[in-house]
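Asks: Input file: upload_34.txt. Contents: compact mmCIF, C-alpha atoms.
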# COMPACT_ATOMS: atom_id res chain seq x y z
CA MET A 1101 10.13 36.30 3.57
CA ALA A 1102 7.31 36.65 1.01
CA ILE A 1103 3.75 36.88 2.18
CA ALA A 1104 0.64 36.46 0.13
CA VAL A 1105 -2.52 37.74 1.66
CA CYS A 1106 -6.03 36.98 0.56
CA LEU A 1107 -9.09 38.60 2.13
CA ALA A 1108 -12.75 38.51 1.42
CA ILE A 1109 -15.24 41.30 1.88
CA LEU A 1110 -18.18 40.86 4.23
CA PRO A 1111 -21.62 42.40 4.01
CA ALA A 1112 -22.70 44.61 6.91
CA SER A 1113 -23.59 41.53 8.96
CA ASN A 1114 -21.77 38.26 8.42
CA ALA A 1115 -23.55 36.13 11.01
CA PHE A 1116 -26.01 33.49 9.85
CA ALA A 1117 -29.35 32.56 11.38
CA GLY A 1118 -29.75 29.44 13.46
CA GLU A 1119 -32.93 27.34 13.76
CA SER A 1120 -34.37 29.76 16.33
CA GLY A 1121 -33.78 32.71 14.02
CA ALA A 1122 -31.07 34.18 16.26
CA GLU A 1123 -27.77 35.19 14.72
CA VAL A 1124 -25.00 32.60 15.08
CA MET A 1125 -21.37 33.55 14.55
CA PRO A 1126 -19.37 31.18 12.32
CA GLU A 1127 -16.77 29.03 14.07
CA ILE A 1128 -13.85 26.77 13.24
CA VAL A 1129 -15.20 23.27 13.86
CA SER A 1130 -14.23 19.64 13.29
CA ASP A 1131 -14.89 18.14 9.87
CA GLU A 1132 -17.44 15.82 11.45
CA GLN A 1133 -19.39 18.73 12.92
CA TYR A 1134 -19.20 20.67 9.66
CA LEU A 1135 -20.71 17.77 7.70
CA ALA A 1136 -23.28 16.97 10.38
CA ASP A 1137 -24.63 20.51 10.07
CA GLY A 1138 -25.36 19.88 6.39
CA ASN A 1139 -22.79 22.29 4.96
CA VAL A 1140 -21.69 21.99 1.34
CA ASP A 1141 -18.30 20.47 0.50
CA PRO A 1142 -16.03 23.55 0.68
CA LYS A 1143 -13.94 22.35 -2.26
CA THR A 1144 -16.92 22.69 -4.59
CA ILE A 1145 -16.93 26.50 -4.21
CA ASP A 1146 -14.73 27.71 -7.07
CA PRO A 1147 -13.88 31.24 -8.24
CA VAL A 1148 -16.62 32.81 -10.37
CA ILE A 1149 -14.35 35.21 -12.25
CA GLU A 1150 -10.62 35.41 -12.87
CA ALA A 1151 -8.34 37.32 -10.55
CA ALA A 1152 -8.03 41.07 -11.10
CA PRO A 1153 -5.81 43.78 -9.60
CA ALA A 1154 -7.33 45.36 -6.48
CA ALA A 1155 -6.96 48.88 -5.12
CA GLY A 1156 -8.48 51.43 -2.78
CA SER A 1157 -7.65 53.13 0.51
CA GLY A 1158 -8.79 50.08 2.49
CA VAL A 1159 -6.38 47.84 0.60
CA ASP A 1160 -3.54 50.33 1.06
CA THR A 1161 -4.21 50.60 4.79
CA PHE A 1162 -4.35 46.84 5.26
CA THR A 1163 -1.18 46.29 3.22
CA SER A 1164 0.59 48.88 5.37
CA LEU A 1165 -0.58 47.03 8.48
CA LEU A 1166 0.82 43.76 7.15
CA SER A 1167 4.16 45.44 6.43
CA GLU A 1168 4.29 47.04 9.86
CA VAL A 1169 3.50 43.81 11.70
CA SER A 1170 5.69 41.47 9.65
CA GLY A 1171 8.54 43.85 8.78
CA MET A 1172 8.12 43.05 5.07
CA SER A 1173 7.25 45.03 1.97
CA ALA A 1174 4.66 44.47 -0.76
CA SER A 1175 6.29 42.70 -3.73
CA SER A 1176 3.35 43.09 -6.11
CA ALA A 1177 0.00 44.80 -6.48
CA PRO A 1178 -2.94 43.19 -4.61
CA ILE A 1179 -5.23 40.76 -6.44
CA SER A 1180 -8.97 40.12 -5.97
CA GLU A 1181 -11.10 37.09 -6.85
CA ASN A 1182 -14.87 36.58 -6.81
CA TYR A 1183 -16.28 33.42 -5.18
CA GLY A 1184 -19.97 34.19 -5.70
CA GLU A 1185 -21.92 33.72 -2.48
CA ILE A 1186 -18.72 33.76 -0.42
CA GLY A 1187 -17.90 37.19 -1.80
CA GLN A 1188 -14.79 38.97 -2.95
CA THR A 1189 -11.25 37.98 -1.95
CA LEU A 1190 -8.03 39.95 -1.93
CA VAL A 1191 -4.46 38.68 -2.32
CA VAL A 1192 -1.44 40.72 -1.20
CA ASP A 1193 2.13 39.50 -1.74
CA LEU A 1194 4.94 40.65 0.55
CA ASP A 1195 8.58 39.68 0.67
CA SER A 1196 11.81 40.22 2.58
CA GLU A 1197 15.43 40.17 1.55
CA LEU A 1198 15.67 36.60 2.90
CA GLY A 1199 13.30 35.32 0.20
CA ASP A 1200 11.02 33.22 2.45
CA GLN A 1201 7.34 32.83 1.50
CA VAL A 1202 4.13 33.17 3.48
CA SER A 1203 0.57 33.07 2.16
CA VAL A 1204 -2.18 34.77 4.17
CA THR A 1205 -5.85 34.41 3.25
CA ARG A 1206 -8.77 36.35 4.68
CA VAL A 1207 -12.27 35.30 3.71
CA ALA A 1208 -15.77 36.17 4.89
CA ALA A 1209 -17.00 33.26 7.01
CA LYS A 1210 -20.68 32.78 6.26
CA THR A 1211 -20.78 29.23 7.62
CA ASP A 1212 -18.58 27.29 10.01
CA ILE A 1213 -15.07 26.44 8.77
CA PRO A 1214 -13.90 22.78 8.79
CA GLN A 1215 -10.46 22.29 10.31
CA SER A 1216 -9.21 20.37 7.27
CA THR A 1217 -9.48 23.61 5.29
CA LEU A 1218 -6.95 25.17 7.66
CA SER A 1219 -4.38 22.38 8.07
CA ASP A 1220 -2.50 19.65 6.23
CA ASP A 1221 -2.83 15.93 6.90
CA GLY A 1222 -0.26 14.81 9.45
CA ALA A 1223 0.36 18.31 10.78
CA GLN A 1224 0.80 19.26 14.43
CA LYS A 1225 -2.25 21.43 15.10
CA SER A 1226 -4.13 23.20 17.86
CA LEU A 1227 -7.30 25.27 18.28
CA SER A 1228 -7.79 27.93 20.96
CA VAL A 1229 -9.65 31.18 21.71
CA LEU A 1230 -7.84 34.53 21.94
CA PRO A 1231 -8.63 37.12 24.65
CA ASN A 1232 -10.65 39.19 22.16
CA GLY A 1233 -12.88 36.19 21.39
CA SER A 1234 -11.29 35.31 18.04
CA GLN A 1235 -10.48 31.68 17.39
CA LEU A 1236 -6.86 30.75 16.67
CA MET A 1237 -5.86 27.58 14.84
CA THR A 1238 -2.24 26.62 14.18
CA SER A 1239 -0.83 23.88 11.98
CA LEU A 1240 2.83 22.88 11.52
CA HIS A 1241 3.91 20.27 8.95
CA PRO A 1242 7.59 19.35 8.29
CA GLU A 1243 7.10 19.44 4.52
CA THR A 1244 4.29 21.89 3.76
CA GLY A 1245 5.10 24.40 6.49
CA VAL A 1246 3.02 26.60 8.76
CA MET A 1247 -0.65 27.55 8.62
CA VAL A 1248 -1.97 29.98 11.23
CA SER A 1249 -5.65 30.97 11.09
CA THR A 1250 -7.71 33.49 13.03
CA LEU A 1251 -11.50 33.84 12.88
CA SER A 1252 -12.53 37.20 14.31
CA ARG A 1253 -15.87 37.93 15.98
CA LYS A 1254 -16.50 40.16 12.95
CA GLY A 1255 -16.46 36.99 10.83
CA GLN A 1256 -13.11 37.52 9.08
CA LEU A 1257 -11.13 34.32 8.59
CA THR A 1258 -7.45 35.05 8.06
CA VAL A 1259 -5.14 32.19 7.05
CA TRP A 1260 -1.36 32.62 7.04
CA ASN A 1261 0.26 29.84 4.98
CA ALA A 1262 4.08 29.74 5.09
CA LEU A 1263 5.39 27.07 2.74
CA ASN A 1264 9.06 27.37 3.72
CA ALA A 1265 8.50 27.89 7.45
CA THR A 1266 8.89 24.48 9.11
CA THR A 1267 10.14 25.14 12.65
CA GLU A 1268 8.50 25.92 15.97
CA ASP A 1269 10.19 29.33 15.89
CA ASP A 1270 8.55 30.01 12.52
CA LEU A 1271 5.18 28.98 13.94
CA THR A 1272 5.62 31.26 16.97
CA ARG A 1273 6.60 34.26 14.84
CA ILE A 1274 3.76 33.87 12.35
CA THR A 1275 1.26 33.26 15.15
CA GLN A 1276 2.31 36.59 16.66
CA TRP A 1277 1.75 38.35 13.31
CA ALA A 1278 -1.63 36.72 12.80
CA THR A 1279 -2.79 37.56 16.32
CA GLU A 1280 -1.77 41.21 16.05
CA VAL A 1281 -3.39 41.68 12.64
CA ASP A 1282 -6.60 40.09 13.93
CA SER A 1283 -6.66 42.40 16.96
CA ARG A 1284 -6.01 45.55 14.92
CA GLN A 1285 -8.15 44.78 11.86
CA PRO A 1286 -10.95 42.31 12.70
CA GLU A 1287 -13.36 43.86 10.20
CA ALA A 1288 -13.71 43.59 6.42
CA VAL A 1289 -11.51 45.64 4.10
CA GLU A 1290 -13.10 47.68 1.33
CA VAL A 1291 -11.74 46.58 -2.05
CA GLN A 1292 -12.03 48.09 -5.50
CA THR A 1293 -11.03 46.07 -8.55
CA VAL A 1294 -9.32 47.23 -11.72
CA SER A 1295 -11.25 46.27 -14.88
CA ALA A 1296 -9.78 44.00 -17.56
CA SER A 1297 -9.58 46.90 -20.01
CA ARG A 1298 -7.71 49.01 -17.46
CA GLN A 1299 -5.32 46.11 -16.82
CA SER A 1300 -4.47 45.95 -20.51
CA GLU A 1301 -3.99 49.71 -20.60
CA LEU A 1302 -1.63 49.64 -17.61
CA VAL A 1303 0.39 46.76 -19.06
CA GLY A 1304 0.63 48.56 -22.38
CA ILE A 1305 1.91 51.74 -20.70
CA GLN A 1306 4.42 49.72 -18.74
CA ALA A 1307 5.70 47.85 -21.80
CA ALA A 1308 6.03 51.06 -23.80
CA SER A 1309 8.06 52.74 -21.05
CA ALA A 1310 10.87 50.14 -21.10
CA ALA A 1311 12.84 48.84 -24.08
CA PRO A 1312 12.71 45.13 -23.17
CA SER A 1313 9.44 43.27 -23.72
CA CYS A 1314 8.47 39.84 -22.35
CA TYR A 1315 5.68 37.27 -22.71
CA LEU A 1316 4.66 34.89 -19.92
CA THR A 1317 3.42 31.37 -20.66
CA ILE A 1318 1.41 29.91 -17.74
CA ASN A 1319 0.61 26.20 -17.89
CA LYS A 1320 -1.66 23.84 -16.00
CA PRO A 1321 -0.18 21.59 -13.30
CA TYR A 1322 0.18 17.90 -14.19
CA THR A 1323 1.06 14.63 -12.43
CA LYS A 1324 4.31 12.77 -13.01
CA SER A 1325 5.69 9.82 -11.02
CA GLY A 1326 3.74 10.58 -7.87
CA ARG A 1327 4.30 14.32 -8.05
CA VAL A 1328 2.28 17.36 -9.04
CA GLU A 1329 4.38 19.63 -11.23
CA VAL A 1330 4.07 22.75 -13.35
CA SER A 1331 6.49 24.42 -15.77
CA ASN A 1332 6.14 28.05 -16.82
CA ARG A 1333 8.17 30.19 -19.22
CA LEU A 1334 9.10 33.85 -19.56
CA LEU A 1335 10.24 34.78 -23.08
CA CYS A 1336 11.74 38.23 -23.79
CA ASN A 1337 12.90 40.07 -26.90
CA GLN A 1338 16.29 40.97 -25.41
CA ASN A 1339 18.96 39.35 -23.26
CA GLY A 1340 19.36 40.45 -19.69
CA ARG A 1341 18.96 39.41 -16.07
CA ILE A 1342 15.73 37.42 -16.19
CA LYS A 1343 13.76 36.24 -13.16
CA LEU A 1344 10.66 34.08 -12.76
CA ASP A 1345 8.96 32.19 -9.93
CA SER A 1346 6.34 29.45 -10.07
CA TYR A 1347 4.00 28.15 -7.37
CA ILE A 1348 1.70 25.14 -7.17
CA GLU A 1349 -1.44 25.88 -5.14
CA GLN A 1350 -4.05 23.40 -3.90
CA TYR A 1351 -7.66 24.46 -3.32
CA ARG A 1352 -8.88 23.85 0.23
CA GLY A 1353 -12.35 25.32 -0.24
CA LEU A 1354 -14.22 28.43 0.86
CA GLY A 1355 -11.90 30.61 -1.22
CA ILE A 1356 -8.71 29.34 0.42
CA TRP A 1357 -5.72 28.15 -1.65
CA VAL A 1358 -2.49 26.90 -0.05
CA SER A 1359 0.97 26.73 -1.57
CA LYS A 1360 2.29 23.18 -1.94
CA ALA A 1361 5.54 23.94 -3.79
CA SER A 1362 7.48 26.83 -5.26
CA ASN A 1363 10.58 27.43 -7.32
CA ALA A 1364 12.30 30.62 -8.43
CA ALA A 1365 15.15 31.06 -10.89
CA GLN A 1366 17.29 33.94 -12.10
CA LYS A 1367 19.77 33.87 -14.99
CA GLU A 1368 22.11 36.39 -16.55
CA ASN A 1369 22.44 37.44 -20.19
CA ILE A 1370 19.59 35.31 -21.50
CA SER A 1371 16.23 36.03 -23.16
CA TYR A 1372 14.05 33.22 -21.78
CA ILE A 1373 13.69 31.03 -18.73
CA TRP A 1374 11.71 27.92 -17.75
CA VAL A 1375 10.85 27.34 -14.09
CA THR A 1376 9.38 24.07 -12.78
CA ALA A 1377 7.78 23.63 -9.36
CA SER A 1378 7.27 20.07 -8.09
CA TRP A 1379 5.46 18.61 -5.07
CA LYS A 1380 5.31 14.99 -3.88
CA CYS A 1381 1.57 14.45 -3.50
CA SER A 1382 -0.27 11.92 -1.34
CA VAL A 1383 -1.51 8.76 -3.04
CA GLY A 1384 -5.10 7.94 -2.10
CA ALA A 1385 -6.10 11.53 -1.33
CA GLY A 1386 -8.53 11.53 -4.24
CA SER A 1387 -9.10 14.21 -6.82
CA GLN A 1388 -7.82 17.67 -5.85
CA LEU A 1389 -8.01 21.04 -7.59
CA TYR A 1390 -4.65 22.66 -8.36
CA ARG A 1391 -3.52 25.83 -10.09
CA THR A 1392 -0.35 27.68 -11.05
CA ARG A 1393 0.55 30.98 -9.45
CA ILE A 1394 3.15 33.49 -10.61
CA ILE A 1395 4.25 36.47 -8.52
CA GLN A 1396 7.61 37.80 -9.70
CA ARG A 1397 8.73 38.04 -13.33
CA SER A 1398 11.16 40.53 -14.81
CA LEU A 1399 14.01 41.26 -17.19
CA ARG A 1400 16.65 43.94 -16.63
CA ASN A 1401 19.40 45.15 -18.94
CA SER A 1402 21.12 48.39 -19.95
CA ASN A 1403 18.11 49.37 -22.08
CA GLY A 1404 15.63 49.32 -19.22
CA VAL A 1405 13.39 47.04 -17.20
CA TRP A 1406 10.35 44.90 -18.03
CA TYR A 1407 8.19 43.61 -15.19
CA GLU A 1408 4.57 43.11 -14.19
CA THR A 1409 3.48 44.22 -10.77
CA HIS A 1410 0.52 41.97 -9.91
CA GLY A 1411 0.39 38.27 -9.15
CA ILE A 1412 -1.29 35.93 -11.62
CA MET A 1413 -3.45 32.93 -10.75
CA GLY A 1414 -3.01 30.46 -13.61
CA PRO A 1415 -5.29 27.77 -15.06
CA GLN A 1416 -6.91 25.25 -12.74
CA VAL A 1417 -6.97 21.48 -13.18
CA ARG A 1418 -8.31 18.62 -11.08
CA LEU A 1419 -5.68 15.90 -10.53
CA THR A 1420 -5.48 12.54 -8.75
CA CYS A 1421 -2.09 11.57 -7.33
CA GLY A 1422 -0.61 8.16 -8.09
Go through the file and emit its structure as C-alpha cells.

Replies:
Amino acid sequence: MAIAVCLAILPASNAFAGESGAEVMPEIVSDEQYLADGNVDPKTIDPVIEAAPAAGSGVDTFTSLLSEVSGMSASSAPISENYGEIGQTLVVDLDSELGDQVSVTRVAAKTDIPQSTLSDDGAQKSLSVLPNGSQLMTSLHPETGVMVSTLSRKGQLTVWNALNATTEDDLTRITQWATEVDSRQPEAVEVQTVSASRQSELVGIQAASAAPSCYLTINKPYTKSGRVEVSNRLLCNQNGRIKLDSYIEQYRGLGIWVSKASNAAQKENISYIWVTASWKCSVGAGSQLYRTRIIQRSLRNSNGVWYETHGIMGPQVRLTCG
C-alpha cells in the first residue's frame, strides 16, 4: 500500500483567540457552523510556492513513525508546500509490495475545519473524540475510498486518504494507524526545504551517475465526457523497463488535496510511456481545482537506472464537470 503524507508546521501556539480574548482550540465542525463563524472558503487558500523536497531530523523521525505504524516504507523523498498564512506542509509517500495507495495530510489548524474538507459527498462518515482529547473523523466511500482525520489538541490535523481502500476492514486498519500516529506525535514536525538550485544539482548528479536519461512531461487535468482526466509522459534516451504513475488530485481547502484517481503502467524494452488517469466527476458540483501528481517514474536496463526520488505536484486547473 502506498501512503502519501502531508503535514504543516505550527507556530509555538496554534490556538486562536475568541471574542473574550481567551485561546480557543480549533475543532472539526459542520459546514454550517464553519460558515456561520465567518471563516473564509477553504478552497480559496492555494499554495503560495511550488512544492520542494523536504528534509531534516524531524521529517526523518516522522517518516520512521509512519513506517513503523503502517508496516510500509518510504517510496520517495518528502515534499513541502507553502500555503502562506496556513504555513508549511509536508508530503511523504510510502508504499508496500501490494501496491495500494493511501494519502495522509497533516496541516496546522488555525481555524475550525469544515467536515466537507475531510469527506466525500455520499460517504459513510462519523465524528468522535479520542481518549487523549483529539477529534477523529472517518469517511468511507465505495468509489473514492477511505478518509480518516485526527485533530490533536496541539492543533495538528492529520488526514489519511486511501483511494483504493473501500471496505470496512480498510477503514478499521487505517483508523488504527491514524489514532496511533496522533497519540505518538500530536505536535508539529520541524521541516527544512531543499532550494530549487539544490534540487537541480541533485538531479544533475543523479542523471550523470546512470547511463539512461529521461524527461517527464506533466500536463494539466482536463474534462472529457463527464470525466476528469490527465495524461502524462516519460520519455527516455534508451529502451528498458519503464515505469510511470499518474494521479488526479482535487483541492479540498486548507492545504488538503485528495486523490480522486490514479493509474500506473510498466512496460518492457521501450523508451517512452504515456499514462492516463481518469475519474468520473459529479455533474453540478461546480468549479473545482484539480492538479496532476506524479510519484514513481523510472527506467532500468543493463546500462543502469534513471529515477527521481521525490514526488511532483503538477500544474493546477479549475474545472467544471459536465

Asks: What's the separation between atom CA of A:Glu1287 and atom CA of A:Ser1252, in Å to one decimal place?

Replies: 7.9 Å

Asks: Have a look at A:Tyr1134, A:Tyr1322, A:Tyr1390, A:Tyr1183 and name the one nearest to A:Thr1211; count all atoms listed in the file.

Replies: A:Tyr1134

Asks: One decimal, Å: what's the distance from atom CA of A:Thr1376 over to atom CA of A:Ala1361, could you say?

Replies: 9.8 Å

Asks: With distances taken over all atoms listed in the file, which of A:Gly1355, A:Gly1386, A:Gly1255, A:Gly1404 is nearest to A:Ser1313?

Replies: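 With all atoms listed in the file as the atom set, the closest residue is A:Gly1404.
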
Asks: Given all atoms listed in the file as the basis, pick out the residue of A:Ser1157, A:Gln1215, A:Ser1203, A:Gln1416 nearest to A:Gln1133.

Replies: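 So, comparing all the options, the nearest one is A:Gln1215.
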
Asks: Could you give me, as a JSON list (two decimals) with C-alpha atoms, keeping the file's coordinate frame, the residues within 7 Å of A:Ile1318, counting all atoms listed in the file and dropping anything in the same chain fewer than 2 positions from it?

Replies:
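The resulting selection-v2.json:
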[["chain", "number", "residue", "atom", "x", "y", "z"],
["A", 1316, "LEU", "CA", 4.66, 34.89, -19.92],
["A", 1332, "ASN", "CA", 6.14, 28.05, -16.82],
["A", 1333, "ARG", "CA", 8.17, 30.19, -19.22],
["A", 1414, "GLY", "CA", -3.01, 30.46, -13.61]]

Asks: If you measure from atom CA of A:Ser1226 to atom CA of A:Val1248, what distance in Å do you get, rounded to one decimal?

Replies: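 About the pair atom CA of A:Ser1226 and atom CA of A:Val1248: they are 9.7 Å apart.
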
Asks: What's the 8 Å shell around stretch 1160-1168 of chain A, counting all atoms listed in the file, without same-chain residues fewer than 6 positions away, as an NGL selection string?

Replies: :A and (1174 or 1192 or 1194 or 1281 or 1285 or 1289)

Asks: Just want the 9 Å neighbourhood of A:Ser1387, counted on all atoms listed in the file, with same-chain residues fewer than 2 positions away dropped. Output as a list in words.

Replies: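 Near A:Ser1387, the qualifying residues are Gly1384, Ala1385, Leu1389, Arg1418, Leu1419, Thr1420 and Cys1421 of chain A.
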
Asks: For stretch 1270-1287 of chain A, take all atoms listed in the file, fit an axis-aligned box around them, add 5 Å to each of the six sides, then output centre and edge lengths in Å rounded to one decimal, as JSON.

Replies:
{"center_x": -2.4, "center_y": 37.3, "center_z": 13.6, "size_x": 31.9, "size_y": 26.6, "size_z": 16.8}
